[in-house]
Each structure stands twice: as C-alpha cells, then as structure tokens.
Amino acid sequence: DDADPGMVTLVLNGTARGALIHQRGELPLHACTLVPPGGDRAVALCGNSGAGKSTLGAALSRRGWTLVADDTTRVTWSGDHPLAWPSRDSIKLWRDACEAAGIDTTRLQHVARDLEKFYVHVPARSEPIRLGTIIELTPTETPGAMSAGDKMALVSRHTYRSMNIRPLGMQQAHVRIVAQTTSACTVLRL
C-alpha cells in the first residue's frame, strides 16, 4: 500500500519491460535513441550508467532531434533492418543535469519519491523507425576500427538486463538479433 508509484513505474518500464523484450527474442538496448532533424534513421546512444546518454539526448532534443526512447530502446528485426520502437515522450534527468542545462525543475514530475531525477518532456516519435547508428559513449578513447565481433560485444554489453537472457533460454535469439542489428548499423565509440 505504501509503495512509491514512481518506483513501481520504474520497475514495470525497466526490469519487467526488459524481460518481456528478451522473451520475444527482441533486443532491449540500454540507450537513449533519437532521430536527427530531417533524418529517416535513428541514432542510439548507449553506455554505462552515468555516461551521459540521457543528458546528451536532452541536449540534442533542444537542437531539433526527436526522441524515440530513453533508457531502454526496444529493437526488433523487420526482415531486412532493425527498428527502434518509441516508448515515452520524456527523458529522465538528474537535478544537476537539469541545472546545467538551465531546466527549471520546480514544475517537473519526480521520477520517484527519493530520487532527485525528473521527467523532462521533449518532442517524441509515435511510430517505430529504422535504427541506423549505435554510438557507445565511453570515457576513454578507443582508437581503431571495430571488427564484427567487437561490434557484437559492444551491443551485448549494452543490452538491458542481459542477466535475463540465459534464465529465459533466449541465448540463440539474443545472438541472432545482435548479429542482425550490428550488421545493418554503423557502430561507433565516442
């Protein structure tokens, strides 16, 4: 009865949604995904927690980019290319990121009762779009071209709740969608 509705929403839209995406043989990519102005393909920004995915996504949205999904991007295979599916019309930002961007938090909804994180509404897509590029945000420079195996490892590293893959018996499906996605996308480190 006294559960924080914000935390319930986080669990349902995070862990539970990620497990359902895995069960379907799809890819839950831990990424903030956006479409550039006039673009016809999405760019997924992935990285470890705290890498700045959502902060960069919010900055790009102020420059005319359109949000597809924040935090977890559902990626499916259309038959010849990966599709990124829309989720919310907001990006979750910590108070310090809001302050650095000049965003007033006084009227924003808290993500959860005990978190200084807020929902920042941005222009968002309502239809799936082809995923064209995956960029890993990393604090260290990693020079050189990536092999197909390196690209697959990068996407696997940024699969949301990857610990669910084996218990759900989805190892083959996961390898298949990661291989399909990385073969059809440009994969970079920044």
# chains A, B, ... in the order shown; residues from 1 in each chain; ligands from 1

call {"tool": "residues_around", "arguments": {"residues": "A:Ala179", "least_positions_apart": "2", "cutoff": "9 Å", "atoms": "only C-alpha atoms", "output": "PyMOL selection string"}}
result
chain A and resi 148-149+151-152+174-177+181-184

call {"tool": "write_last_selection", "arguments": {"atoms": "N, CA, C and O atoms", "output": "compact mmCIF listing (two decimals), in the first residue's frame"}}
result
# COMPACT_ATOMS: atom_id res chain seq x y z
N ALA A 148 33.55 -7.20 -36.61
CA ALA A 148 32.16 -7.60 -36.40
C ALA A 148 31.97 -8.13 -34.98
O ALA A 148 30.96 -7.83 -34.33
N GLY A 149 32.95 -8.87 -34.49
CA GLY A 149 32.88 -9.39 -33.11
C GLY A 149 32.91 -8.29 -32.08
O GLY A 149 32.20 -8.34 -31.07
N LYS A 151 31.83 -5.23 -32.51
CA LYS A 151 30.53 -4.56 -32.59
C LYS A 151 29.47 -5.37 -31.84
O LYS A 151 28.67 -4.81 -31.10
N MET A 152 29.50 -6.68 -32.03
CA MET A 152 28.54 -7.53 -31.32
C MET A 152 28.78 -7.48 -29.81
O MET A 152 27.83 -7.42 -29.04
N HIS A 174 19.11 -13.98 -28.79
CA HIS A 174 19.89 -12.77 -28.50
C HIS A 174 21.06 -12.63 -29.47
O HIS A 174 21.27 -11.56 -30.04
N VAL A 175 21.80 -13.70 -29.67
CA VAL A 175 22.93 -13.65 -30.60
C VAL A 175 22.43 -13.28 -32.00
O VAL A 175 23.05 -12.46 -32.70
N ARG A 176 21.30 -13.86 -32.41
CA ARG A 176 20.75 -13.59 -33.74
C ARG A 176 20.40 -12.11 -33.90
O ARG A 176 20.81 -11.47 -34.87
N ILE A 177 19.67 -11.52 -32.95
CA ILE A 177 19.26 -10.12 -33.13
C ILE A 177 20.44 -9.17 -32.98
O ILE A 177 20.50 -8.15 -33.66
N THR A 181 21.42 -6.75 -36.01
CA THR A 181 21.47 -5.32 -35.75
C THR A 181 22.83 -4.74 -36.08
O THR A 181 22.93 -3.71 -36.76
N THR A 182 23.90 -5.39 -35.62
CA THR A 182 25.23 -4.84 -35.86
C THR A 182 25.64 -4.92 -37.33
O THR A 182 26.40 -4.08 -37.81
N SER A 183 25.11 -5.90 -38.06
CA SER A 183 25.44 -5.99 -39.49
C SER A 183 24.74 -4.90 -40.30
O SER A 183 25.22 -4.51 -41.36
N ALA A 184 23.63 -4.39 -39.80
CA ALA A 184 22.86 -3.39 -40.54
C ALA A 184 23.11 -1.96 -40.07
O ALA A 184 22.67 -1.01 -40.71

call {"tool": "select_by_dssp", "arguments": {"residues": "chain A", "states": "helix (DSSP H, G or I)", "output": "PyMOL selection string"}}
result
chain A and resi 5-23+53-61+95-100+148-157+162-164+171-184

call {"tool": "residues_around", "arguments": {"residues": "stretch 64-66 of chain A", "least_positions_apart": "6", "cutoff": "7 Å", "atoms": "only C-alpha atoms", "output": "list of chain:residue names"}}
result
A:Leu34, A:Val35, A:Pro36, A:Pro37, A:Pro123, A:Ala124, A:Arg125

call {"tool": "write_last_selection", "arguments": {"atoms": "all heavy atoms", "output": "PDB file, in the first residue's frame"}}
result
ATOM      1  N   LEU A  34      17.405   8.680 -30.591  1.00  0.00           N
ATOM      2  CA  LEU A  34      16.812   9.878 -31.170  1.00  0.00           C
ATOM      3  C   LEU A  34      16.963   9.870 -32.688  1.00  0.00           C
ATOM      4  O   LEU A  34      17.769   9.122 -33.234  1.00  0.00           O
ATOM      5  CB  LEU A  34      17.496  11.140 -30.630  1.00  0.00           C
ATOM      6  CG  LEU A  34      17.495  11.309 -29.122  1.00  0.00           C
ATOM      7  CD1 LEU A  34      18.871  11.014 -28.569  1.00  0.00           C
ATOM      8  CD2 LEU A  34      17.067  12.696 -28.743  1.00  0.00           C
ATOM      9  N   VAL A  35      16.200  10.756 -33.336  1.00  0.00           N
ATOM     10  CA  VAL A  35      16.289  10.944 -34.779  1.00  0.00           C
ATOM     11  C   VAL A  35      16.722  12.384 -35.033  1.00  0.00           C
ATOM     12  O   VAL A  35      16.122  13.318 -34.490  1.00  0.00           O
ATOM     13  CB  VAL A  35      14.918  10.681 -35.458  1.00  0.00           C
ATOM     14  CG1 VAL A  35      15.008  10.882 -36.961  1.00  0.00           C
ATOM     15  CG2 VAL A  35      14.416   9.285 -35.123  1.00  0.00           C
ATOM     16  N   PRO A  36      17.762  12.578 -35.869  1.00  0.00           N
ATOM     17  CA  PRO A  36      18.195  13.947 -36.152  1.00  0.00           C
ATOM     18  C   PRO A  36      17.162  14.693 -36.989  1.00  0.00           C
ATOM     19  O   PRO A  36      16.336  14.065 -37.662  1.00  0.00           O
ATOM     20  CB  PRO A  36      19.509  13.761 -36.923  1.00  0.00           C
ATOM     21  CG  PRO A  36      19.476  12.371 -37.446  1.00  0.00           C
ATOM     22  CD  PRO A  36      18.590  11.573 -36.533  1.00  0.00           C
ATOM     23  N   PRO A  37      17.200  16.019 -36.974  1.00  0.00           N
ATOM     24  CA  PRO A  37      16.250  16.800 -37.768  1.00  0.00           C
ATOM     25  C   PRO A  37      16.283  16.373 -39.238  1.00  0.00           C
ATOM     26  O   PRO A  37      17.357  16.284 -39.837  1.00  0.00           O
ATOM     27  CB  PRO A  37      16.738  18.244 -37.607  1.00  0.00           C
ATOM     28  CG  PRO A  37      17.562  18.241 -36.367  1.00  0.00           C
ATOM     29  CD  PRO A  37      18.158  16.867 -36.265  1.00  0.00           C
ATOM     30  N   PRO A 123      10.134  16.630 -27.666  1.00  0.00           N
ATOM     31  CA  PRO A 123       9.442  16.125 -28.856  1.00  0.00           C
ATOM     32  C   PRO A 123       9.785  14.645 -29.070  1.00  0.00           C
ATOM     33  O   PRO A 123      10.951  14.257 -28.968  1.00  0.00           O
ATOM     34  CB  PRO A 123      10.011  16.982 -29.993  1.00  0.00           C
ATOM     35  CG  PRO A 123      10.535  18.218 -29.321  1.00  0.00           C
ATOM     36  CD  PRO A 123      10.995  17.770 -27.965  1.00  0.00           C
ATOM     37  N   ALA A 124       8.760  13.835 -29.329  1.00  0.00           N
ATOM     38  CA  ALA A 124       8.973  12.390 -29.417  1.00  0.00           C
ATOM     39  C   ALA A 124       8.217  11.785 -30.600  1.00  0.00           C
ATOM     40  O   ALA A 124       7.169  12.292 -31.005  1.00  0.00           O
ATOM     41  CB  ALA A 124       8.523  11.723 -28.120  1.00  0.00           C
ATOM     42  N   ARG A 125       8.746  10.700 -31.099  1.00  0.00           N
ATOM     43  CA  ARG A 125       8.105   9.936 -32.170  1.00  0.00           C
ATOM     44  C   ARG A 125       7.004   9.049 -31.602  1.00  0.00           C
ATOM     45  O   ARG A 125       7.088   8.621 -30.460  1.00  0.00           O
ATOM     46  CB  ARG A 125       9.124   9.029 -32.866  1.00  0.00           C
ATOM     47  CG  ARG A 125      10.090   9.766 -33.762  1.00  0.00           C
ATOM     48  CD  ARG A 125      10.905   8.800 -34.582  1.00  0.00           C
ATOM     49  NE  ARG A 125      10.108   7.926 -35.427  1.00  0.00           N
ATOM     50  CZ  ARG A 125       9.679   8.212 -36.654  1.00  0.00           C
ATOM     51  NH1 ARG A 125       9.955   9.391 -37.172  1.00  0.00           N
ATOM     52  NH2 ARG A 125       8.974   7.340 -37.360  1.00  0.00           N
TER      53      ARG A 125
END

call {"tool": "residues_around", "arguments": {"residues": "A:Ile129", "least_positions_apart": "6", "cutoff": "7 Å", "atoms": "only C-alpha atoms", "output": "number ranges by chain"}}
result
A: 41-42, 83-85

call {"tool": "write_last_selection", "arguments": {"atoms": "N, CA, C and O atoms", "output": "PDB file, in the first residue's frame"}}
result
ATOM      1  N   ARG A  41      16.545   7.810 -40.028  1.00  0.00           N
ATOM      2  CA  ARG A  41      17.090   6.712 -39.241  1.00  0.00           C
ATOM      3  C   ARG A  41      17.445   7.209 -37.853  1.00  0.00           C
ATOM      4  O   ARG A  41      17.857   8.353 -37.675  1.00  0.00           O
ATOM      5  N   ALA A  42      17.315   6.321 -36.896  1.00  0.00           N
ATOM      6  CA  ALA A  42      17.579   6.675 -35.504  1.00  0.00           C
ATOM      7  C   ALA A  42      19.043   6.424 -35.144  1.00  0.00           C
ATOM      8  O   ALA A  42      19.713   5.595 -35.748  1.00  0.00           O
ATOM      9  N   LEU A  83      14.501  -2.060 -36.278  1.00  0.00           N
ATOM     10  CA  LEU A  83      13.575  -0.973 -35.962  1.00  0.00           C
ATOM     11  C   LEU A  83      13.698  -0.610 -34.491  1.00  0.00           C
ATOM     12  O   LEU A  83      13.747  -1.498 -33.633  1.00  0.00           O
ATOM     13  N   ALA A  84      13.726   0.690 -34.211  1.00  0.00           N
ATOM     14  CA  ALA A  84      13.695   1.193 -32.842  1.00  0.00           C
ATOM     15  C   ALA A  84      12.268   1.647 -32.564  1.00  0.00           C
ATOM     16  O   ALA A  84      11.690   2.417 -33.339  1.00  0.00           O
ATOM     17  N   TRP A  85      11.721   1.169 -31.446  1.00  0.00           N
ATOM     18  CA  TRP A  85      10.323   1.446 -31.104  1.00  0.00           C
ATOM     19  C   TRP A  85      10.228   2.560 -30.071  1.00  0.00           C
ATOM     20  O   TRP A  85      10.986   2.585 -29.102  1.00  0.00           O
TER      21      TRP A  85
END

call {"tool": "residues_around", "arguments": {"residues": "A:Leu190", "least_positions_apart": "3", "cutoff": "12 Å", "atoms": "only C-alpha atoms", "output": "list in words"}}
result
Leu45, Cys46, Gly47, Ala51, Gly52, Lys53, Leu56, Ile134, Ile135, Glu136, Leu137, Thr138, Pro139, Thr140, Glu141, Thr142, Pro143, Gly144 and Val187 of chain A

call {"tool": "write_last_selection", "arguments": {"atoms": "N, CA and C atoms", "output": "PDB file, in the first residue's frame"}}
result
ATOM      1  N   LEU A  45      22.278   6.113 -28.471  1.00  0.00           N
ATOM      2  CA  LEU A  45      23.410   6.479 -27.625  1.00  0.00           C
ATOM      3  C   LEU A  45      23.441   5.513 -26.455  1.00  0.00           C
ATOM      4  N   CYS A  46      24.419   4.634 -26.417  1.00  0.00           N
ATOM      5  CA  CYS A  46      24.495   3.676 -25.323  1.00  0.00           C
ATOM      6  C   CYS A  46      25.766   3.919 -24.526  1.00  0.00           C
ATOM      7  N   GLY A  47      25.820   3.333 -23.368  1.00  0.00           N
ATOM      8  CA  GLY A  47      26.970   3.489 -22.488  1.00  0.00           C
ATOM      9  C   GLY A  47      26.597   3.025 -21.097  1.00  0.00           C
ATOM     10  N   ALA A  51      27.060   7.597 -18.070  1.00  0.00           N
ATOM     11  CA  ALA A  51      27.898   8.011 -19.201  1.00  0.00           C
ATOM     12  C   ALA A  51      27.403   9.291 -19.854  1.00  0.00           C
ATOM     13  N   GLY A  52      26.129   9.644 -19.628  1.00  0.00           N
ATOM     14  CA  GLY A  52      25.584  10.868 -20.211  1.00  0.00           C
ATOM     15  C   GLY A  52      24.629  10.652 -21.366  1.00  0.00           C
ATOM     16  N   LYS A  53      24.072   9.444 -21.490  1.00  0.00           N
ATOM     17  CA  LYS A  53      23.154   9.134 -22.579  1.00  0.00           C
ATOM     18  C   LYS A  53      21.951  10.073 -22.589  1.00  0.00           C
ATOM     19  N   LEU A  56      22.946  13.905 -22.976  1.00  0.00           N
ATOM     20  CA  LEU A  56      23.219  14.228 -24.373  1.00  0.00           C
ATOM     21  C   LEU A  56      21.930  14.194 -25.184  1.00  0.00           C
ATOM     22  N   ILE A 134      24.585   3.092 -33.874  1.00  0.00           N
ATOM     23  CA  ILE A 134      24.705   2.857 -32.437  1.00  0.00           C
ATOM     24  C   ILE A 134      26.037   3.457 -32.012  1.00  0.00           C
ATOM     25  N   ILE A 135      25.988   4.367 -31.043  1.00  0.00           N
ATOM     26  CA  ILE A 135      27.197   5.027 -30.554  1.00  0.00           C
ATOM     27  C   ILE A 135      27.369   4.707 -29.078  1.00  0.00           C
ATOM     28  N   GLU A 136      28.524   4.160 -28.730  1.00  0.00           N
ATOM     29  CA  GLU A 136      28.846   3.918 -27.332  1.00  0.00           C
ATOM     30  C   GLU A 136      29.555   5.151 -26.782  1.00  0.00           C
ATOM     31  N   LEU A 137      28.993   5.739 -25.732  1.00  0.00           N
ATOM     32  CA  LEU A 137      29.647   6.845 -25.042  1.00  0.00           C
ATOM     33  C   LEU A 137      30.610   6.239 -24.038  1.00  0.00           C
ATOM     34  N   THR A 138      31.891   6.559 -24.162  1.00  0.00           N
ATOM     35  CA  THR A 138      32.905   5.943 -23.310  1.00  0.00           C
ATOM     36  C   THR A 138      33.873   7.014 -22.810  1.00  0.00           C
ATOM     37  N   PRO A 139      34.343   6.907 -21.570  1.00  0.00           N
ATOM     38  CA  PRO A 139      35.237   7.933 -21.025  1.00  0.00           C
ATOM     39  C   PRO A 139      36.665   7.843 -21.548  1.00  0.00           C
ATOM     40  N   THR A 140      37.005   6.750 -22.209  1.00  0.00           N
ATOM     41  CA  THR A 140      38.364   6.599 -22.724  1.00  0.00           C
ATOM     42  C   THR A 140      38.331   6.467 -24.234  1.00  0.00           C
ATOM     43  N   GLU A 141      39.356   6.990 -24.855  1.00  0.00           N
ATOM     44  CA  GLU A 141      39.446   6.897 -26.300  1.00  0.00           C
ATOM     45  C   GLU A 141      39.849   5.477 -26.673  1.00  0.00           C
ATOM     46  N   THR A 142      39.090   4.879 -27.564  1.00  0.00           N
ATOM     47  CA  THR A 142      39.388   3.531 -28.032  1.00  0.00           C
ATOM     48  C   THR A 142      39.585   3.619 -29.538  1.00  0.00           C
ATOM     49  N   PRO A 143      40.843   3.832 -29.975  1.00  0.00           N
ATOM     50  CA  PRO A 143      41.095   4.046 -31.403  1.00  0.00           C
ATOM     51  C   PRO A 143      40.946   2.774 -32.230  1.00  0.00           C
ATOM     52  N   GLY A 144      40.823   2.983 -33.517  1.00  0.00           N
ATOM     53  CA  GLY A 144      40.827   1.864 -34.448  1.00  0.00           C
ATOM     54  C   GLY A 144      39.450   1.392 -34.847  1.00  0.00           C
ATOM     55  N   VAL A 187      28.322   1.193 -36.149  1.00  0.00           N
ATOM     56  CA  VAL A 187      28.574   1.087 -34.706  1.00  0.00           C
ATOM     57  C   VAL A 187      29.880   1.838 -34.420  1.00  0.00           C
TER      58      VAL A 187
END

call {"tool": "residues_around", "arguments": {"residues": "A:Asp104", "least_positions_apart": "2", "cutoff": "12 Å", "atoms": "only C-alpha atoms", "output": "tab-separated table (two decimals) with N, CA and C atoms, in the first residue's frame"}}
result
chain	number	residue	atom	x	y	z
A	93	LEU	N	16.18	12.98	-16.22
A	93	LEU	CA	17.43	13.68	-15.94
A	93	LEU	C	17.60	13.94	-14.45
A	94	TRP	N	18.84	13.79	-13.98
A	94	TRP	CA	19.17	14.14	-12.60
A	94	TRP	C	19.11	15.65	-12.44
A	95	ARG	N	18.92	16.10	-11.22
A	95	ARG	CA	18.81	17.53	-10.92
A	95	ARG	C	20.02	18.31	-11.45
A	96	ASP	N	21.24	17.78	-11.25
A	96	ASP	CA	22.43	18.52	-11.69
A	96	ASP	C	22.46	18.67	-13.21
A	97	ALA	N	21.99	17.68	-13.94
A	97	ALA	CA	21.93	17.78	-15.40
A	97	ALA	C	20.90	18.83	-15.82
A	98	CYS	N	19.77	18.87	-15.11
A	98	CYS	CA	18.75	19.89	-15.38
A	98	CYS	C	19.33	21.28	-15.12
A	99	GLU	N	19.99	21.44	-14.00
A	99	GLU	CA	20.56	22.74	-13.66
A	99	GLU	C	21.61	23.17	-14.68
A	100	ALA	N	22.47	22.24	-15.10
A	100	ALA	CA	23.50	22.57	-16.09
A	100	ALA	C	22.88	22.99	-17.42
A	101	ALA	N	21.71	22.44	-17.73
A	101	ALA	CA	21.02	22.77	-18.98
A	101	ALA	C	20.07	23.95	-18.83
A	102	GLY	N	19.97	24.50	-17.63
A	102	GLY	CA	19.06	25.62	-17.41
A	102	GLY	C	17.60	25.23	-17.38
A	106	THR	N	11.15	22.99	-10.85
A	106	THR	CA	10.05	23.21	-9.90
A	106	THR	C	8.72	22.65	-10.37
A	107	ARG	N	8.50	22.58	-11.67
A	107	ARG	CA	7.21	22.07	-12.18
A	107	ARG	C	7.33	20.69	-12.82
A	108	LEU	N	8.50	20.10	-12.73
A	108	LEU	CA	8.69	18.79	-13.33
A	108	LEU	C	8.29	17.68	-12.37
A	109	GLN	N	7.84	16.57	-12.94
A	109	GLN	CA	7.46	15.40	-12.15
A	109	GLN	C	8.72	14.64	-11.74
A	118	PHE	N	14.15	13.78	-12.70
A	118	PHE	CA	12.90	14.35	-13.18
A	118	PHE	C	12.60	13.93	-14.61
A	119	TYR	N	11.30	13.90	-14.94
A	119	TYR	CA	10.87	13.67	-16.32
A	119	TYR	C	10.88	15.00	-17.05
A	120	VAL	N	11.68	15.09	-18.10
A	120	VAL	CA	11.75	16.29	-18.93
A	120	VAL	C	11.08	15.94	-20.26

call {"tool": "atom_distance", "arguments": {"atom1": "atom CA of A:Ser126", "atom2": "atom CA of A:Val11"}}
result
22.4 Å

call {"tool": "select_by_dssp", "arguments": {"residues": "chain A", "states": "strand (DSSP E)", "output": "PyMOL selection string"}}
result
chain A and resi 27-35+42-46+66-69+72-77+82-85+90-94+117-121+129-136+186-189

call {"tool": "write_last_selection", "arguments": {"atoms": "N, CA and C atoms", "output": "compact mmCIF listing (two decimals), in the first residue's frame"}}
result
# COMPACT_ATOMS: atom_id res chain seq x y z
N LEU A 27 15.63 -7.10 -28.85
CA LEU A 27 16.79 -6.54 -28.18
C LEU A 27 16.40 -5.33 -27.34
N PRO A 28 16.52 -5.41 -26.02
CA PRO A 28 16.34 -4.22 -25.18
C PRO A 28 17.70 -3.52 -25.04
N LEU A 29 17.92 -2.49 -25.83
CA LEU A 29 19.21 -1.80 -25.83
C LEU A 29 19.19 -0.70 -24.78
N HIS A 30 20.18 -0.70 -23.89
CA HIS A 30 20.29 0.33 -22.85
C HIS A 30 20.83 1.59 -23.53
N ALA A 31 19.89 2.39 -24.04
CA ALA A 31 20.26 3.53 -24.87
C ALA A 31 19.19 4.60 -24.87
N CYS A 32 19.64 5.82 -25.11
CA CYS A 32 18.74 6.93 -25.43
C CYS A 32 18.80 7.06 -26.95
N THR A 33 17.66 6.90 -27.59
CA THR A 33 17.61 6.84 -29.05
C THR A 33 16.82 8.02 -29.60
N LEU A 34 17.40 8.68 -30.59
CA LEU A 34 16.81 9.88 -31.17
C LEU A 34 16.96 9.87 -32.69
N VAL A 35 16.20 10.76 -33.34
CA VAL A 35 16.29 10.94 -34.78
C VAL A 35 16.72 12.38 -35.03
N ALA A 42 17.31 6.32 -36.90
CA ALA A 42 17.58 6.68 -35.50
C ALA A 42 19.04 6.42 -35.14
N VAL A 43 19.48 7.17 -34.14
CA VAL A 43 20.81 7.03 -33.56
C VAL A 43 20.63 6.64 -32.10
N ALA A 44 21.20 5.51 -31.70
CA ALA A 44 21.12 5.04 -30.32
C ALA A 44 22.41 5.40 -29.59
N LEU A 45 22.28 6.11 -28.47
CA LEU A 45 23.41 6.48 -27.63
C LEU A 45 23.44 5.51 -26.46
N CYS A 46 24.42 4.63 -26.42
CA CYS A 46 24.49 3.68 -25.32
C CYS A 46 25.77 3.92 -24.53
N THR A 66 14.47 14.34 -32.35
CA THR A 66 13.23 13.79 -31.82
C THR A 66 13.52 12.50 -31.07
N LEU A 67 13.00 12.41 -29.86
CA LEU A 67 13.20 11.23 -29.02
C LEU A 67 12.44 10.03 -29.56
N VAL A 68 13.10 8.88 -29.56
CA VAL A 68 12.44 7.60 -29.82
C VAL A 68 12.20 6.91 -28.48
N ALA A 69 13.28 6.76 -27.71
CA ALA A 69 13.18 6.09 -26.41
C ALA A 69 14.34 6.53 -25.53
N THR A 72 15.76 2.52 -22.16
CA THR A 72 15.68 1.21 -22.82
C THR A 72 14.99 1.38 -24.16
N THR A 73 15.71 1.02 -25.21
CA THR A 73 15.15 1.08 -26.56
C THR A 73 14.84 -0.33 -27.02
N ARG A 74 13.60 -0.58 -27.36
CA ARG A 74 13.20 -1.87 -27.90
C ARG A 74 13.58 -1.92 -29.38
N VAL A 75 14.42 -2.90 -29.74
CA VAL A 75 14.87 -3.06 -31.12
C VAL A 75 14.33 -4.39 -31.64
N THR A 76 13.67 -4.34 -32.80
CA THR A 76 13.17 -5.55 -33.45
C THR A 76 13.80 -5.65 -34.84
N TRP A 77 13.64 -6.79 -35.47
CA TRP A 77 14.16 -7.01 -36.81
C TRP A 77 12.98 -7.05 -37.78
N PRO A 82 16.95 -3.24 -38.62
CA PRO A 82 16.44 -3.11 -37.25
C PRO A 82 15.51 -1.91 -37.12
N LEU A 83 14.50 -2.06 -36.28
CA LEU A 83 13.57 -0.97 -35.96
C LEU A 83 13.70 -0.61 -34.49
N ALA A 84 13.73 0.69 -34.21
CA ALA A 84 13.70 1.19 -32.84
C ALA A 84 12.27 1.65 -32.56
N TRP A 85 11.72 1.17 -31.45
CA TRP A 85 10.32 1.45 -31.10
C TRP A 85 10.23 2.56 -30.07
N SER A 90 9.43 11.59 -22.78
CA SER A 90 10.24 12.31 -21.80
C SER A 90 11.57 11.59 -21.59
N ILE A 91 12.51 12.39 -21.12
CA ILE A 91 13.84 11.90 -20.77
C ILE A 91 14.00 12.09 -19.27
N LYS A 92 14.58 11.10 -18.61
CA LYS A 92 14.81 11.19 -17.16
C LYS A 92 16.18 11.84 -16.92
N LEU A 93 16.18 12.98 -16.22
CA LEU A 93 17.43 13.68 -15.94
C LEU A 93 17.60 13.94 -14.45
N TRP A 94 18.84 13.79 -13.98
CA TRP A 94 19.17 14.14 -12.60
C TRP A 94 19.11 15.65 -12.44
N LYS A 117 15.66 13.01 -9.58
CA LYS A 117 15.62 12.79 -11.02
C LYS A 117 14.23 13.18 -11.50
N PHE A 118 14.15 13.78 -12.70
CA PHE A 118 12.90 14.35 -13.18
C PHE A 118 12.60 13.93 -14.61
N TYR A 119 11.30 13.90 -14.94
CA TYR A 119 10.87 13.67 -16.32
C TYR A 119 10.88 15.00 -17.05
N VAL A 120 11.68 15.09 -18.10
CA VAL A 120 11.75 16.29 -18.93
C VAL A 120 11.08 15.94 -20.26
N HIS A 121 9.96 16.59 -20.56
CA HIS A 121 9.24 16.30 -21.80
C HIS A 121 9.96 16.91 -22.99
N ILE A 129 11.03 3.44 -36.09
CA ILE A 129 11.88 3.97 -37.16
C ILE A 129 13.10 3.07 -37.29
N ARG A 130 13.65 3.05 -38.48
CA ARG A 130 14.85 2.25 -38.74
C ARG A 130 16.00 2.75 -37.87
N LEU A 131 16.69 1.82 -37.24
CA LEU A 131 17.88 2.14 -36.45
C LEU A 131 19.07 2.11 -37.39
N GLY A 132 19.81 3.22 -37.46
CA GLY A 132 20.93 3.32 -38.40
C GLY A 132 22.29 3.33 -37.75
N THR A 133 22.38 3.90 -36.54
CA THR A 133 23.68 4.06 -35.89
C THR A 133 23.57 3.77 -34.40
N ILE A 134 24.58 3.09 -33.87
CA ILE A 134 24.70 2.86 -32.44
C ILE A 134 26.04 3.46 -32.01
N ILE A 135 25.99 4.37 -31.04
CA ILE A 135 27.20 5.03 -30.55
C ILE A 135 27.37 4.71 -29.08
N GLU A 136 28.52 4.16 -28.73
CA GLU A 136 28.85 3.92 -27.33
C GLU A 136 29.56 5.15 -26.78
N THR A 186 25.71 1.24 -38.40
CA THR A 186 27.03 1.76 -38.13
C THR A 186 27.20 1.74 -36.63
N VAL A 187 28.32 1.19 -36.15
CA VAL A 187 28.57 1.09 -34.71
C VAL A 187 29.88 1.84 -34.42
N LEU A 188 29.80 2.83 -33.51
CA LEU A 188 30.94 3.70 -33.21
C LEU A 188 31.13 3.87 -31.72
N ARG A 189 32.32 4.34 -31.34
CA ARG A 189 32.60 4.74 -29.96
C ARG A 189 32.90 6.23 -29.96

call {"tool": "atom_distance", "arguments": {"atom1": "atom CA of A:Asp4", "atom2": "atom CA of A:His110"}}
result
11.1 Å

call {"tool": "closest_residue", "arguments": {"among": "A:Leu10, A:Val122, A:Met170, A:Ala112", "to": "A:Ser61", "atoms": "only C-alpha atoms"}}
result
A:Val122

call {"tool": "closest_residue", "arguments": {"among": "A:Leu12, A:Met7, A:Asp2, A:Gly169", "to": "A:Leu115", "atoms": "only C-alpha atoms"}}
result
A:Met7

call {"tool": "closest_residue", "arguments": {"among": "A:Glu116, A:Asp70, A:Thr159, A:Arg24", "to": "A:Thr55", "atoms": "only C-alpha atoms"}}
result
A:Asp70

call {"tool": "decode", "arguments": {"residues": "stretch 116-139 of chain A", "atoms": "C-alpha atoms", "output": "PDB file, in the first residue's frame"}}
result
ATOM      1  CA  GLU A 116      16.427  13.810  -7.465  1.00  0.00           C
ATOM      2  CA  LYS A 117      15.618  12.791 -11.020  1.00  0.00           C
ATOM      3  CA  PHE A 118      12.903  14.354 -13.183  1.00  0.00           C
ATOM      4  CA  TYR A 119      10.868  13.666 -16.318  1.00  0.00           C
ATOM      5  CA  VAL A 120      11.750  16.287 -18.930  1.00  0.00           C
ATOM      6  CA  HIS A 121       9.236  16.299 -21.798  1.00  0.00           C
ATOM      7  CA  VAL A 122      10.724  16.527 -25.287  1.00  0.00           C
ATOM      8  CA  PRO A 123       9.442  16.125 -28.856  1.00  0.00           C
ATOM      9  CA  ALA A 124       8.973  12.390 -29.417  1.00  0.00           C
ATOM     10  CA  ARG A 125       8.105   9.936 -32.170  1.00  0.00           C
ATOM     11  CA  SER A 126       4.988   7.821 -32.041  1.00  0.00           C
ATOM     12  CA  GLU A 127       5.983   5.311 -34.741  1.00  0.00           C
ATOM     13  CA  PRO A 128       8.935   2.910 -34.986  1.00  0.00           C
ATOM     14  CA  ILE A 129      11.879   3.971 -37.155  1.00  0.00           C
ATOM     15  CA  ARG A 130      14.852   2.252 -38.743  1.00  0.00           C
ATOM     16  CA  LEU A 131      17.880   2.137 -36.452  1.00  0.00           C
ATOM     17  CA  GLY A 132      20.925   3.316 -38.395  1.00  0.00           C
ATOM     18  CA  THR A 133      23.678   4.059 -35.887  1.00  0.00           C
ATOM     19  CA  ILE A 134      24.705   2.857 -32.437  1.00  0.00           C
ATOM     20  CA  ILE A 135      27.197   5.027 -30.554  1.00  0.00           C
ATOM     21  CA  GLU A 136      28.846   3.918 -27.332  1.00  0.00           C
ATOM     22  CA  LEU A 137      29.647   6.845 -25.042  1.00  0.00           C
ATOM     23  CA  THR A 138      32.905   5.943 -23.310  1.00  0.00           C
ATOM     24  CA  PRO A 139      35.237   7.933 -21.025  1.00  0.00           C
TER      25      PRO A 139
END
